[in-house]
2 protein chains.
Amino acid sequence: MVTAASENEALLNAFRSAVGDENVVTDAATRLRYETTTYRTSYKVPAIVLPASTEEVQACVRIANEFKTPIYPVSTGLNYGYGSRVPTADNCIIVELSRMKRILGFSEDLGYVTIEPGVTQQQLYGFLQEKKSKLWMDATGNTQGHSLIGNLAERGFGHTPYGDHFGNVGGMEVVLPNGDVIHTGLGRFANAKAKGVYRWGLGPYIDGLFTQSNLGIITQATVWLMPAPAHHEYFYFSFRDHGQIGEIIDLLRPLRLNGTIKSAIHIANDYKVVSSMQGYPWEKASGRTPIPPEVMDELAKGWDCGAWSGYAALTGTWLEVASARRAIKRRLRGKAKRVAFMNPWLIRAAELVKQPYRLLTGVNLPEMLKALKPIYSLTKGVPTDHFMGSTYWRKKDGVPAQADPDRDGCGLLWCAPIAPIDGHHAKAIYDIVLPVFVRHGFEPAVAITLLTERALSCVISIAFDRAVPGEDERALECHDQLLAELTASGYYPYRLSTHAMDKLPPPEPAYAGLLKNLKDALDPNGILAPGRYLR
Amino acid sequence: MVTAASENEALLNAFRSAVGDENVVTDAATRLRYETTTYRTSYKVPAIVLPASTEEVQACVRIANEFKTPIYPVSTGLNYGYGSRVPTADNCIIVELSRMKRILGFSEDLGYVTIEPGVTQQQLYGFLQEKKSKLWMDATGNTQGHSLIGNLAERGFGHTPYGDHFGNVGGMEVVLPNGDVIHTGLGRFANAKAKGVYRWGLGPYIDGLFTQSNLGIITQATVWLMPAPAHHEYFYFSFRDHGQIGEIIDLLRPLRLNGTIKSAIHIANDYKVVSSMQGYPWEKASGRTPIPPEVMDELAKGWDCGAWSGYAALTGTWLEVASARRAIKRRLRGKAKRVAFMNPWLIRAAELVKQPYRLLTGVNLPEMLKALKPIYSLTKGVPTDHFMGSTYWRKKDGVPAQADPDRDGCGLLWCAPIAPIDGHHAKAIYDIVLPVFVRHGFEPAVAITLLTERALSCVISIAFDRAVPGEDERALECHDQLLAELTASGYYPYRLSTHAMDKLPPPEPAYAGLLKNLKDALDPNGILAPGRYLR
């Protein structure tokens, strides 16, 4: 008789023979790590399987089909604020791709690299340094250990003109839910010379099916890299009042649309800036949460960040950057509290002589330089762990040497609605966000990113301390309330946390029918990441 | 008893009640028009149905399913060189969308327009003029009556920085093969504010499925428009020898990759240039075809076009364009036979005073200005019928007042392989093309377009006279030989003519399996455009 236990053992043995005994992990401590993220979750993870190659991933998928058991792929599993490595359904076996770390192709002349899912931001950056490459990668504010493929599969974004990560993918290798492996675009023809450089290929363009979905496992991607511009500057601005957000967005819109500013523009309110600069001011707030308004005002003044501050990179030839600088000044001067431009020489000079710099440029750099440098680096695609600090905002012990927000009980939930770049919409979103945060007792840390020429993404962070009784529940309530009010007003997120997958209003029925149809056709046994964006 | 005739009558009656009697056309002359393109075809078209709305398109699709009869959608049916309006299978009923001509949405601030499939290049251009819009559309070299959606569905390209047509689609309305209608991206949520401005949406990105396929009928698309740049110039160059093509491509690559030149660069050999400037030189060639080399040399000299000549737009602020001009000069001077820059003032001046202009700039403008003006206009998105002339290259009677290449027996077959922007590949393609053309007796008119930052498309035209006995066969043979040799060397087209749909080498079996799976899931009765890119 086949018992559940023997069935389970047979399953694990099948995985063991596919990837090697040592790469099937079932100890309680490790399983707990895969069940834990920065908010409350309940799903159990029976095992973690670590394939080392596409063939081993295929074998895992075939085993899942044979045993009709769900698997849940993660790359390096550092999807902080959206669920880290925790599955979207109970009892999924994790298939983690962190051992697949090869950089398989590289062209300096054509600006691309072909990578596996285990390749991290740090690894690619090191690779390009080692090659003395004149190409820039794009980096996100996530840790250096973050998977590039993991991020592009979620359609994440960064800070250079190549910040739209999925938009800069030339082709993929994908393991389908039936265990087949395909190469998208022209890659399906083994001898195709334009593989990886021409993304649309021939016939239907299918790459998008494998992003934000559970229709395949991306096992390779060709990622385009940007030629380092002749000149790179960083531009920084701040505005005095929270109420100016509509005005700010409308001032910046034409500059983003017409390409004066070619990369994403990031705008943060004082809560967001302060929480990326320091920990929660327990003393000043006399141990209370949320932060009292007068304390916040004092901190914002100390960091000299205004109610809103923002930055973006300017890239191009010296003349192009000069032209952009002129257009930005013309548009923002007299409106903004401050507009400043920084280039490598200025930054270096400022490090040496902080006070004279202040006199010269009007920018107060004392501690801020510490924070500006990582941002400046990000705008040229240099990954950094700097921004993990804000995850520890409400933690009383501060940031440990080896940050691990999941392990350390940091609370973080993100909600990132998209809107047209239009002040009216930005203001409408902010007006929804504030009262929900006030009601739930969290600091409304809001960043608004002019993501593309036409769309902004409003990244709203709920940062809390999971160790405080009741906060887990309150944070989830806050998130759900936010999502409900935002979507009711037409502001849908660009990406979902594992917590939010089933919390959207229903789409038009025909669309839901099409997605069901696609899922059934590609994954009849429903073994791949059930509940991830699709059922 | 249901006879074939009565079944057929029932089918037509069903269409008549869906779209109105007058919009179901079955007369022999019209049917012949839909069976005729610029090369030999054999498929019959039993009827043409002209719906006026998405609902009527849905009704047509439902009727097709009910009667298990294939339908073949075209927008305005002007896909010259790739099959015009002729289906990819026998006995398809044409569903032509030319009556759906509404412009449904428009934003000057965010730069987009939402259109139906019957909206032509000319119509959108007129619309923008009427609105006194500061936005540019992108135009192709096809006629003004060409459908914008028809072109983006084929992933065609144009001449401005928004030349990648599918790459500038913000969302679609699609009628699925089961008759359902969906809205892609965030459009699936009726109240979504970012509909049309953020293309990836949420969850899998599916728009690509409906391009170069038979998986749906695009009934609306939001197309992004570019803010008119402060300054626009046109840059023109020529090279002396055919053998320099590799060098030319390598010289231009970094300028395209780093964004010095933001739009497609079009490079044409002398055959291509001459055939776009004039008809076949019957007298000089003493009535013979193909054109004798010495005659070609003489013509090329007359047009002063060199073995290769090219052009591209420069757009941006005055400083940006100045910076681009400088970079281009630095890179091409001493290598090119000629490099010239033209701006609106120069063009106007040149029209007034042709001879002084020649003295000033070294460019010989007499007749050439006539040809340059439409090209110059194309680089700023102004559609033109000018380029239809080349379709009549081998026709003895020249171009009629109302050109209609299908009706007039013009022979035209296109083959457009893609390669990385790398001189070695361009040369390899050219070395394949030449002997095939020589063997078949056609002029090797070749244009190479640096389509994206990394990929070039080589548009090879076989222009002939269908009225000459044997030419139809010879042209098809020439095309098939070309396609076979190019794909054997790894150069796959970016787009297929109806003639070539089944002429590719087989892809990896898993990929073919996936496409079959998708087609079966979405179109179980196989009623939609059988054979179009997919079975």
# chains A, B, ... in the order shown; residues from 1 in each chain; ligands from 1
>>> interface_residues(of="chain A", to="chain B", cutoff="6 Å", atoms="only C-alpha atoms", output="PyMOL selection string")
chain A and resi 110+180+182+188-189+191-194+197-198+202-206+208-209+211-213+227+258+320+419-420+454-455+490+494+507-508+510-511+533
>>> atom_distance(atom1="atom CA of Ile103 of chain B", atom2="atom CA of Gln144 of chain B")
16.3 Å
>>> residues_around(residues="Leu148 of chain B", least_positions_apart="5", cutoff="7 Å", atoms="only C-alpha atoms", output="PyMOL selection string")
chain B and resi 117+119-121
>>> write_last_selection(atoms="N, CA and C atoms", output="mmCIF file, in the first residue's frame")
data_model
loop_
_atom_site.group_PDB
_atom_site.id
_atom_site.type_symbol
_atom_site.label_atom_id
_atom_site.label_comp_id
_atom_site.auth_asym_id
_atom_site.auth_seq_id
_atom_site.Cartn_x
_atom_site.Cartn_y
_atom_site.Cartn_z
ATOM 1 N N PRO B 117 -8.446 49.673 -36.451
ATOM 2 C CA PRO B 117 -7.585 49.151 -37.529
ATOM 3 C C PRO B 117 -7.739 49.859 -38.868
ATOM 4 N N VAL B 119 -7.783 53.017 -39.273
ATOM 5 C CA VAL B 119 -7.113 54.332 -39.253
ATOM 6 C C VAL B 119 -5.802 54.231 -40.035
ATOM 7 N N THR B 120 -5.682 55.097 -41.030
ATOM 8 C CA THR B 120 -4.515 55.042 -41.910
ATOM 9 C C THR B 120 -3.463 56.040 -41.454
ATOM 10 N N GLN B 121 -2.284 55.907 -42.048
ATOM 11 C CA GLN B 121 -1.208 56.864 -41.772
ATOM 12 C C GLN B 121 -1.698 58.289 -42.060
#
>>> closest_residue(among="B:Asp431, B:Glu473, B:Glu247, B:Asp404", to="Lys335 of chain B", atoms="only C-alpha atoms")
B:Glu247
>>> select_by_dssp(residues="segment 129-187 of chain A", states="helix (DSSP H, G or I)", output="count of residues only")
14
>>> atom_distance(atom1="atom CA of Val74 of chain B", atom2="atom CA of Lys516 of chain A")
28.3 Å
>>> atom_distance(atom1="atom CA of Glu7 of chain B", atom2="atom CA of Phe67 of chain B")
8.5 Å
>>> select_by_dssp(residues="segment 260-496 of chain B", states="strand (DSSP E)", output="ChimeraX atom specification")
/B:265-269,308-316,338-342,410-415,418-420,445-450,455-465
>>> residues_around(residues="Gly158 of chain A", least_positions_apart="4", cutoff="7 Å", atoms="only C-alpha atoms", output="MDAnalysis selection string")
chainID A and resid 138:140 163:164
>>> residues_around(residues="Val295 of chain A", least_positions_apart="4", cutoff="10 Å", atoms="only C-alpha atoms", output="ChimeraX atom specification")
/A:281,284-285,291,299-301
>>> write_last_selection(atoms="N, CA, C and O atoms", output="PDB file, in the first residue's frame")
ATOM      1  N   PRO A 281      13.525  57.243  15.293  1.00  0.00           N
ATOM      2  CA  PRO A 281      14.045  58.101  16.380  1.00  0.00           C
ATOM      3  C   PRO A 281      13.366  57.787  17.699  1.00  0.00           C
ATOM      4  O   PRO A 281      12.553  58.585  18.193  1.00  0.00           O
ATOM      5  N   LYS A 284      13.701  60.582  20.520  1.00  0.00           N
ATOM      6  CA  LYS A 284      12.936  61.805  20.232  1.00  0.00           C
ATOM      7  C   LYS A 284      11.432  61.556  20.288  1.00  0.00           C
ATOM      8  O   LYS A 284      10.660  62.445  20.649  1.00  0.00           O
ATOM      9  N   ALA A 285      11.015  60.346  19.882  1.00  0.00           N
ATOM     10  CA  ALA A 285       9.576  60.039  19.868  1.00  0.00           C
ATOM     11  C   ALA A 285       9.127  59.456  21.209  1.00  0.00           C
ATOM     12  O   ALA A 285       7.994  58.995  21.331  1.00  0.00           O
ATOM     13  N   ILE A 291       5.598  57.983  14.344  1.00  0.00           N
ATOM     14  CA  ILE A 291       6.443  59.132  14.599  1.00  0.00           C
ATOM     15  C   ILE A 291       5.564  60.392  14.724  1.00  0.00           C
ATOM     16  O   ILE A 291       4.723  60.641  13.867  1.00  0.00           O
ATOM     17  N   LEU A 299      13.355  66.034  11.999  1.00  0.00           N
ATOM     18  CA  LEU A 299      14.293  65.146  11.295  1.00  0.00           C
ATOM     19  C   LEU A 299      14.467  65.595   9.835  1.00  0.00           C
ATOM     20  O   LEU A 299      15.585  65.643   9.317  1.00  0.00           O
ATOM     21  N   ALA A 300      13.356  65.916   9.203  1.00  0.00           N
ATOM     22  CA  ALA A 300      13.418  66.335   7.795  1.00  0.00           C
ATOM     23  C   ALA A 300      14.282  67.583   7.665  1.00  0.00           C
ATOM     24  O   ALA A 300      15.062  67.725   6.717  1.00  0.00           O
ATOM     25  N   LYS A 301      14.143  68.473   8.635  1.00  0.00           N
ATOM     26  CA  LYS A 301      14.961  69.679   8.613  1.00  0.00           C
ATOM     27  C   LYS A 301      16.436  69.303   8.737  1.00  0.00           C
ATOM     28  O   LYS A 301      17.290  69.813   8.021  1.00  0.00           O
TER      29      LYS A 301
END
>>> residues_around(residues="Val57 of chain A", least_positions_apart="4", cutoff="9 Å", atoms="only C-alpha atoms", output="number ranges by chain")
A: 18-19, 50-53, 61-62, 95, 97, 175, 179, 217, 219
>>> residues_around(residues="Ser133 of chain A", least_positions_apart="3", cutoff="7 Å", atoms="only C-alpha atoms", output="PyMOL selection string")
chain A and resi 108+128-129
>>> write_last_selection(atoms="N, CA, C and O atoms", output="mmCIF file, in the first residue's frame")
data_model
loop_
_atom_site.group_PDB
_atom_site.id
_atom_site.type_symbol
_atom_site.label_atom_id
_atom_site.label_comp_id
_atom_site.auth_asym_id
_atom_site.auth_seq_id
_atom_site.Cartn_x
_atom_site.Cartn_y
_atom_site.Cartn_z
ATOM 1 N N GLU A 108 30.852 42.950 -25.895
ATOM 2 C CA GLU A 108 31.176 44.353 -25.603
ATOM 3 C C GLU A 108 30.668 45.246 -26.736
ATOM 4 O O GLU A 108 30.117 46.316 -26.494
ATOM 5 N N LEU A 128 31.845 42.656 -15.187
ATOM 6 C CA LEU A 128 32.096 43.780 -16.101
ATOM 7 C C LEU A 128 33.363 44.534 -15.692
ATOM 8 O O LEU A 128 34.135 44.978 -16.552
ATOM 9 N N GLN A 129 33.582 44.644 -14.396
ATOM 10 C CA GLN A 129 34.804 45.302 -13.914
ATOM 11 C C GLN A 129 36.029 44.534 -14.376
ATOM 12 O O GLN A 129 37.007 45.102 -14.860
#
